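Structure data (mmCIF, C-alpha atoms) from structure.cif:
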```cif
data_model
loop_
_atom_site.label_atom_id
_atom_site.label_comp_id
_atom_site.auth_asym_id
_atom_site.auth_seq_id
_atom_site.Cartn_x
_atom_site.Cartn_y
_atom_site.Cartn_z
CA MET A 1 -16.65 -2.49 26.01
CA THR A 2 -13.69 -4.81 26.37
CA GLU A 3 -12.62 -4.53 22.72
CA PRO A 4 -13.26 -1.00 21.41
CA TYR A 5 -12.18 -1.76 17.85
CA PRO A 6 -13.19 -5.32 16.91
CA TRP A 7 -11.14 -5.92 13.77
CA ASP A 8 -11.54 -9.67 13.27
CA GLY A 9 -11.06 -10.46 9.60
CA ARG A 10 -9.72 -7.04 8.63
CA GLY A 11 -6.62 -6.81 6.46
CA VAL A 12 -4.00 -4.19 7.32
CA VAL A 13 -0.91 -3.05 5.39
CA VAL A 14 1.86 -1.05 7.10
CA SER A 15 4.90 0.33 5.29
CA GLY A 16 8.02 0.73 7.37
CA GLY A 17 6.62 -1.92 9.70
CA SER A 18 9.78 -3.55 11.01
CA ARG A 19 10.65 -1.09 13.79
CA GLY A 20 9.46 1.83 15.86
CA ILE A 21 6.09 3.36 15.04
CA GLY A 22 5.37 0.95 12.19
CA ARG A 23 6.00 -2.06 14.42
CA ALA A 24 3.70 -0.65 17.11
CA ILE A 25 0.95 -0.05 14.54
CA ALA A 26 1.25 -3.56 13.11
CA LEU A 27 1.13 -5.22 16.52
CA GLY A 28 -1.67 -2.94 17.70
CA ALA A 29 -3.77 -3.90 14.69
CA ALA A 30 -3.07 -7.59 15.31
CA ARG A 31 -4.16 -7.26 18.94
CA LEU A 32 -7.47 -5.90 17.67
CA GLY A 33 -7.92 -8.99 15.51
CA ALA A 34 -6.49 -7.90 12.15
CA ASP A 35 -4.20 -9.84 9.84
CA VAL A 36 -1.21 -7.73 8.86
CA VAL A 37 1.25 -7.35 6.00
CA ILE A 38 4.27 -5.16 6.68
CA GLN A 39 6.77 -3.73 4.24
CA TYR A 40 10.43 -3.29 5.14
CA ARG A 41 13.41 -1.96 3.20
CA VAL A 42 16.59 -3.34 4.83
CA HIS A 43 15.71 -4.58 8.32
CA GLU A 44 14.77 -8.15 7.45
CA VAL A 45 15.50 -9.69 10.86
CA PRO A 46 13.37 -7.19 12.83
CA ALA A 47 10.63 -7.59 10.20
CA ARG A 48 10.61 -11.34 10.74
CA GLY A 49 10.41 -10.68 14.47
CA VAL A 50 7.30 -8.55 13.99
CA VAL A 51 5.67 -11.30 11.94
CA GLU A 52 6.48 -13.84 14.66
CA GLU A 53 4.87 -11.57 17.26
CA ILE A 54 1.78 -11.22 15.07
CA HIS A 55 1.57 -15.01 14.90
CA ARG A 56 1.91 -15.27 18.69
CA LEU A 57 -1.09 -12.97 18.94
CA GLY A 58 -3.07 -15.53 16.97
CA ARG A 59 -3.23 -13.55 13.74
CA ARG A 60 -1.73 -14.01 10.29
CA GLY A 61 1.24 -11.88 9.28
CA TRP A 62 3.65 -11.46 6.39
CA ALA A 63 6.71 -9.30 5.65
CA VAL A 64 7.37 -8.01 2.14
CA PRO A 65 10.66 -6.32 1.15
CA GLY A 66 10.45 -3.14 -0.86
CA GLU A 67 11.43 0.49 -1.28
CA ALA A 68 8.72 2.92 -0.21
CA ALA A 69 9.79 5.47 -2.82
CA HIS A 70 9.31 3.06 -5.75
CA ARG A 71 5.90 2.86 -7.38
CA SER A 72 6.52 -0.68 -8.60
CA ASP A 73 7.30 -1.81 -5.05
CA ALA A 74 4.11 -0.19 -3.75
CA GLN A 75 2.10 -1.99 -6.39
CA HIS A 76 3.84 -5.27 -5.59
CA LEU A 77 3.12 -4.80 -1.88
CA ILE A 78 -0.59 -4.30 -2.51
CA ARG A 79 -0.75 -7.31 -4.84
CA ARG A 80 0.96 -9.49 -2.23
CA ALA A 81 -1.33 -8.13 0.47
CA GLU A 82 -4.47 -8.88 -1.53
CA GLU A 83 -3.23 -12.41 -2.25
CA SER A 84 -2.41 -13.00 1.43
CA LEU A 85 -5.19 -11.12 3.18
CA GLY A 86 -7.99 -11.52 0.68
CA SER A 87 -9.09 -7.93 1.24
CA ILE A 88 -7.52 -4.72 2.54
CA HIS A 89 -9.31 -2.51 5.05
CA LEU A 90 -6.47 -0.24 6.20
CA VAL A 91 -3.25 1.03 4.65
CA VAL A 92 -0.76 2.90 6.85
CA ALA A 93 1.95 4.87 5.03
CA ASN A 94 4.56 4.97 7.77
CA ALA A 95 7.90 4.48 5.99
CA GLY A 96 10.08 7.56 6.11
CA VAL A 97 13.55 9.02 6.37
CA ASP A 98 14.85 12.00 8.27
CA GLY A 99 16.14 15.18 6.66
CA SER A 100 19.69 16.25 5.98
CA GLY A 101 19.88 19.20 8.35
CA PRO A 102 20.22 22.96 7.76
CA LEU A 103 19.60 24.63 4.41
CA ASP A 104 23.28 24.85 3.47
CA ALA A 105 23.72 21.13 4.14
CA THR A 106 20.82 20.07 1.91
CA THR A 107 22.09 18.61 -1.34
CA GLU A 108 20.06 17.72 -4.40
CA VAL A 109 20.55 14.05 -3.60
CA SER A 110 19.36 14.37 0.00
CA TRP A 111 16.42 16.57 -1.03
CA ARG A 112 15.25 14.05 -3.60
CA ARG A 113 15.72 11.13 -1.20
CA THR A 114 13.59 12.80 1.47
CA MET A 115 10.90 13.91 -0.97
CA GLU A 116 10.70 10.55 -2.70
CA THR A 117 10.39 8.59 0.54
CA ASP A 118 8.36 10.92 2.76
CA LEU A 119 6.05 12.43 0.12
CA TYR A 120 5.98 10.31 -3.01
CA GLY A 121 6.09 7.09 -0.97
CA PRO A 122 2.73 7.65 0.78
CA PHE A 123 1.22 8.84 -2.51
CA ALA A 124 2.36 5.74 -4.40
CA LEU A 125 1.14 3.40 -1.66
CA ILE A 126 -2.32 4.92 -1.30
CA GLN A 127 -2.73 5.25 -5.06
CA ALA A 128 -1.91 1.55 -5.47
CA ALA A 129 -4.27 0.59 -2.65
CA ALA A 130 -7.18 2.83 -3.68
CA PRO A 131 -9.13 0.19 -5.65
CA ALA A 132 -8.83 -2.32 -2.81
CA LEU A 133 -9.89 0.27 -0.21
CA ARG A 134 -12.88 1.29 -2.33
CA ASN A 135 -13.98 -2.35 -2.42
CA THR A 136 -13.97 -2.67 1.38
CA GLY A 137 -14.91 0.87 2.40
CA GLY A 138 -11.52 0.95 4.08
CA ASN A 139 -9.25 3.86 4.87
CA ALA A 140 -5.67 5.09 4.85
CA VAL A 141 -3.55 6.85 7.44
CA VAL A 142 -0.30 8.70 6.72
CA VAL A 143 2.32 9.11 9.44
CA ALA A 144 3.41 12.72 8.91
CA SER A 145 5.10 14.96 11.50
CA VAL A 146 4.61 18.18 13.41
CA SER A 147 7.58 19.35 11.33
CA GLY A 148 5.07 19.67 8.51
CA LEU A 149 2.99 22.08 10.59
CA SER A 150 5.71 24.17 12.23
CA ALA A 151 8.71 25.77 10.53
CA SER A 152 12.22 24.68 11.43
CA PRO A 153 15.50 26.03 10.00
CA ASP A 154 17.25 22.70 10.58
CA SER A 155 15.04 20.39 8.50
CA VAL A 156 14.02 22.21 5.35
CA ASP A 157 13.67 19.06 3.23
CA TYR A 158 11.97 17.01 5.96
CA SER A 159 9.53 19.79 6.89
CA SER A 160 8.71 20.37 3.23
CA ALA A 161 8.03 16.70 2.58
CA LYS A 162 5.85 16.29 5.67
CA ALA A 163 3.91 19.49 4.89
CA GLY A 164 3.32 18.12 1.41
CA ALA A 165 2.09 14.83 2.88
CA ILE A 166 -0.42 16.67 5.06
CA ALA A 167 -1.72 18.62 2.08
CA MET A 168 -1.84 15.40 0.06
CA VAL A 169 -4.02 13.77 2.72
CA ARG A 170 -6.58 16.56 2.41
CA SER A 171 -6.70 16.23 -1.37
CA MET A 172 -6.85 12.45 -1.27
CA ALA A 173 -9.68 12.58 1.24
CA LEU A 174 -11.72 14.46 -1.37
CA ALA A 175 -10.57 12.25 -4.23
CA LEU A 176 -11.53 9.01 -2.45
CA ALA A 177 -14.74 10.19 -0.78
CA PRO A 178 -17.37 9.13 -0.01
CA GLY A 179 -16.41 5.50 0.52
CA THR A 180 -12.79 5.78 1.65
CA ARG A 181 -11.36 7.96 4.40
CA VAL A 182 -7.81 9.37 4.46
CA ASN A 183 -6.23 10.95 7.53
CA ALA A 184 -2.82 11.67 9.01
CA VAL A 185 -1.09 11.71 12.36
CA ALA A 186 1.64 14.23 13.17
CA PRO A 187 3.98 12.99 15.90
CA SER A 188 6.70 15.03 17.55
CA TRP A 189 9.27 13.69 20.00
CA ILE A 190 8.77 9.93 19.88
CA GLU A 191 11.29 7.37 21.18
CA THR A 192 12.52 5.83 17.92
CA ASP A 193 15.83 5.06 16.24
CA MET A 194 15.40 8.17 14.10
CA THR A 195 14.98 10.61 16.99
CA ALA A 196 17.82 8.93 18.87
CA THR A 197 20.20 10.08 16.14
CA TRP A 198 18.95 13.66 16.49
CA HIS A 199 19.36 13.94 20.26
CA ALA A 200 21.77 11.30 21.47
CA THR A 201 23.12 12.87 24.68
CA PRO A 202 21.27 12.66 28.01
CA ALA A 203 21.41 16.46 28.38
CA SER A 204 19.85 17.01 24.97
CA ARG A 205 17.13 14.47 25.61
CA GLU A 206 16.34 15.99 28.98
CA ALA A 207 16.07 19.45 27.42
CA ILE A 208 13.49 18.09 24.97
CA ARG A 209 11.58 16.37 27.76
CA ARG A 210 11.34 19.62 29.73
CA GLN A 211 9.80 21.48 26.78
CA ILE A 212 6.99 18.92 26.37
CA PRO A 213 3.97 20.01 28.47
CA LEU A 214 3.01 16.41 29.33
CA GLY A 215 6.50 15.90 30.73
CA ARG A 216 7.78 12.93 28.74
CA TRP A 217 8.84 11.75 25.33
CA GLY A 218 6.18 9.92 23.36
CA THR A 219 6.29 6.21 22.62
CA PRO A 220 5.59 4.38 19.34
CA GLU A 221 2.49 3.01 21.04
CA ASP A 222 1.18 6.55 21.60
CA VAL A 223 1.26 7.12 17.84
CA ALA A 224 -0.10 3.66 17.06
CA GLU A 225 -3.17 4.25 19.23
CA ALA A 226 -3.88 7.49 17.35
CA VAL A 227 -3.54 5.71 14.00
CA LEU A 228 -5.82 2.87 15.09
CA PHE A 229 -8.41 5.34 16.35
CA LEU A 230 -8.47 7.20 13.01
CA ALA A 231 -8.84 3.85 11.24
CA SER A 232 -11.63 2.69 13.55
CA ASP A 233 -15.38 2.84 13.13
CA GLU A 234 -15.46 5.37 15.97
CA ALA A 235 -13.76 7.84 13.59
CA ARG A 236 -16.15 7.11 10.72
CA PHE A 237 -17.03 10.80 10.23
CA ILE A 238 -13.41 12.02 10.21
CA THR A 239 -11.50 12.44 6.96
CA GLY A 240 -8.83 14.76 5.63
CA GLU A 241 -7.65 15.58 9.14
CA THR A 242 -4.25 15.57 10.83
CA LEU A 243 -4.17 14.43 14.46
CA VAL A 244 -1.20 15.90 16.33
CA VAL A 245 0.46 13.47 18.75
CA ASP A 246 3.09 15.50 20.58
CA GLY A 247 2.25 15.82 24.28
CA GLY A 248 1.39 19.49 23.68
CA ASP A 249 4.86 20.37 22.41
CA SER A 250 3.61 22.31 19.40
CA LEU A 251 1.52 24.52 21.69
CA THR A 252 4.66 26.06 23.15
CA GLY A 253 6.20 27.41 19.95
CA PRO A 254 8.48 26.35 17.11
CA ILE A 255 10.19 22.97 17.27
CA GLU A 256 13.83 23.27 18.36
#
```

Rewrite the structure of this file - the entire thing - as structure tokens.
Amino acid sequence: MTEPYPWDGRGVVVSGGSRGIGRAIALGAARLGADVVIQYRVHEVPARGVVEEIHRLGRRGWAVPGEAAHRSDAQHLIRRAEESLGSIHLVVANAGVDGSGPLDATTEVSWRRTMETDLYGPFALIQAAAPALRNTGGNAVVVASVSGLSASPDSVDYSSAKAGAIAMVRSMALALAPGTRVNAVAPSWIETDMTATWHATPASREAIRRQIPLGRWGTPEDVAEAVLFLASDEARFITGETLVVDGGDSLTGPIE
């Protein structure tokens, strides 16, 4: 089969779609034949670049500004997507922020920011999209993190938010069954702007690489392929699950 996931005519919405994992998901969906609406918060120029790439792939694409943590922006995004796409078959809640660090460094402001973006954001987006997904028999995928599955003393707020997102996916899978599936992916060390701020030195990056059993950092495309699989017809009997995308890193012990 030359095209394993023939998505001609499908409408896809990706939050946090201007860079990194979100960009890879949006372009991957377009390569499969989907039309795509991305949401971005501040990176307007990269968002426009993603839309231009979608157009070069022969598909329709739009970029909508908005704050993932705001319910009104999630509702606006879905309205714009329905107007542009006609119907929505997949919603990917990818927008997120990193945590503030160790317990003592976690302020009320940083805790709320992380929780609102990484936990409430996916909830608000999927809740807003639920009627549209029911109409098409579509599905939703949340980009969580292995930090939500493994304890870490240096990211209490981030780990808590991602663990909540994973639990939310399980509950939403029940709430939206039988017609709509909801799943999550849990990446680990992926080459993005976010992880570059965590481990900026060559020595630190090499130490991470050595602890990954598959011997390399992941790429945004590695995560995108997992998302697109969960959203595909081949995964039609999978819901409420979290697919770990970490090169085997979580098999070796706690994240460091």

Determine the residue set returned by the PyMOL selection byres ((chain A and resi 85-99) around 8) for the present structure, and present it as a PyMOL selection string.
-> chain A and resi 10-17+21-22+35-37+68+81-84+100-101+110-111+114+117-118+121-122+125-126+129+132-133+136-144+155-158+194+231

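Applied to the file shown here, the PyMOL selection byres ((chain A and resi 247) around 8) selects Ile212, Pro213, Leu214, Gly215, Arg216, Trp217, Gly218, Val245, Asp246, Gly248 and Asp249 of chain A.
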
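Between atom CA of Ala226 of chain A and atom CA of Ala29 of chain A the separation is 11.7 Å.
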
May I have the centre and edge lengths, in Å to one decimal, of an axis-aligned box around the listed atoms of segment 7-15 of chain A with 4 Å added to every side, as AutoDock Vina command-line options?
```
--center_x -3.3 --center_y -5.1 --center_z 9.5 --size_x 24.4 --size_y 18.8 --size_z 16.5
```

Residues within 6 Å of (12.3, -3.3, 9.4), file coords, all atoms listed in the file, listed as an NGL selection string = :A and (17-19 or 40 or 43-44 or 46-47)

What does the file look like for those residues with C-alpha atoms, as a tab-separated table (two decimals), keeping the file's coordinate frame?
```
chain	number	residue	atom	x	y	z
A	17	GLY	CA	6.62	-1.92	9.70
A	18	SER	CA	9.78	-3.55	11.01
A	19	ARG	CA	10.65	-1.09	13.79
A	40	TYR	CA	10.43	-3.29	5.14
A	43	HIS	CA	15.71	-4.58	8.32
A	44	GLU	CA	14.77	-8.15	7.45
A	46	PRO	CA	13.37	-7.19	12.83
A	47	ALA	CA	10.63	-7.59	10.20
```

Long-range neighbours of Glu53 of chain A as number ranges by chain, 12 Å cut-off, only C-alpha atoms, 2 positions minimum in chain = A: 18, 23-24, 26-31, 35-36, 46-51, 55-63

May I have the selected residues written with C-alpha atoms, as a short mmCIF file (atom, residue, chain, number, x, y, z; two decimals), keeping the file's coordinate frame?
```
data_model
loop_
_atom_site.label_atom_id
_atom_site.label_comp_id
_atom_site.auth_asym_id
_atom_site.auth_seq_id
_atom_site.Cartn_x
_atom_site.Cartn_y
_atom_site.Cartn_z
CA SER A 18 9.78 -3.55 11.01
CA ARG A 23 6.00 -2.06 14.42
CA ALA A 24 3.70 -0.65 17.11
CA ALA A 26 1.25 -3.56 13.11
CA LEU A 27 1.13 -5.22 16.52
CA GLY A 28 -1.67 -2.94 17.70
CA ALA A 29 -3.77 -3.90 14.69
CA ALA A 30 -3.07 -7.59 15.31
CA ARG A 31 -4.16 -7.26 18.94
CA ASP A 35 -4.20 -9.84 9.84
CA VAL A 36 -1.21 -7.73 8.86
CA PRO A 46 13.37 -7.19 12.83
CA ALA A 47 10.63 -7.59 10.20
CA ARG A 48 10.61 -11.34 10.74
CA GLY A 49 10.41 -10.68 14.47
CA VAL A 50 7.30 -8.55 13.99
CA VAL A 51 5.67 -11.30 11.94
CA HIS A 55 1.57 -15.01 14.90
CA ARG A 56 1.91 -15.27 18.69
CA LEU A 57 -1.09 -12.97 18.94
CA GLY A 58 -3.07 -15.53 16.97
CA ARG A 59 -3.23 -13.55 13.74
CA ARG A 60 -1.73 -14.01 10.29
CA GLY A 61 1.24 -11.88 9.28
CA TRP A 62 3.65 -11.46 6.39
CA ALA A 63 6.71 -9.30 5.65
#
```

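Here atom CA of Gly240 of chain A and atom CA of Leu174 of chain A stand 7.6 Å from one another.
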
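When atom CA of Thr106 of chain A is paired with atom CA of Asp154 of chain A, their separation reads 9.7 Å.
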
Output check: residues returned by the PyMOL selection byres ((chain A and resi 151) around 12), as an mmCIF file with C-alpha atoms, in the coordinates of the input:
```cif
data_model
loop_
_atom_site.group_PDB
_atom_site.id
_atom_site.type_symbol
_atom_site.label_atom_id
_atom_site.label_comp_id
_atom_site.auth_asym_id
_atom_site.auth_seq_id
_atom_site.Cartn_x
_atom_site.Cartn_y
_atom_site.Cartn_z
ATOM 1 C CA SER A 145 5.100 14.960 11.500
ATOM 2 C CA VAL A 146 4.610 18.180 13.410
ATOM 3 C CA SER A 147 7.580 19.350 11.330
ATOM 4 C CA GLY A 148 5.070 19.670 8.510
ATOM 5 C CA LEU A 149 2.990 22.080 10.590
ATOM 6 C CA SER A 150 5.710 24.170 12.230
ATOM 7 C CA SER A 152 12.220 24.680 11.430
ATOM 8 C CA PRO A 153 15.500 26.030 10.000
ATOM 9 C CA ASP A 154 17.250 22.700 10.580
ATOM 10 C CA SER A 155 15.040 20.390 8.500
ATOM 11 C CA VAL A 156 14.020 22.210 5.350
ATOM 12 C CA ASP A 157 13.670 19.060 3.230
ATOM 13 C CA TYR A 158 11.970 17.010 5.960
ATOM 14 C CA SER A 159 9.530 19.790 6.890
ATOM 15 C CA SER A 160 8.710 20.370 3.230
ATOM 16 C CA LYS A 162 5.850 16.290 5.670
ATOM 17 C CA ALA A 163 3.910 19.490 4.890
ATOM 18 C CA SER A 250 3.610 22.310 19.400
ATOM 19 C CA GLY A 253 6.200 27.410 19.950
ATOM 20 C CA PRO A 254 8.480 26.350 17.110
ATOM 21 C CA ILE A 255 10.190 22.970 17.270
ATOM 22 C CA GLU A 256 13.830 23.270 18.360
#
```

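With all atoms listed in the file as the basis for measurement, A:Leu77 is the residue among A:Leu77, A:Val227, A:Ala105, A:Val45 that approaches Pro65 of chain A most closely.
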
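Restricting the calculation to only C-alpha atoms, the smallest distance between Arg80 of chain A and any of A:Ile208, A:Leu243, A:Ala161, A:Ile38 is found for A:Ile38.
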
Using all atoms listed in the file, what residues lie at most 7 Å away from (-12.8, 6.6, 1.2) (file coordinates), given as a PyMOL selection string?
-> chain A and resi 134+137-139+173+176-182

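Closest approach to Arg71 of chain A from the set A:Leu103, A:Met115, A:Ala124, A:Leu32 is made by A:Ala124, with distances taken over all atoms listed in the file.
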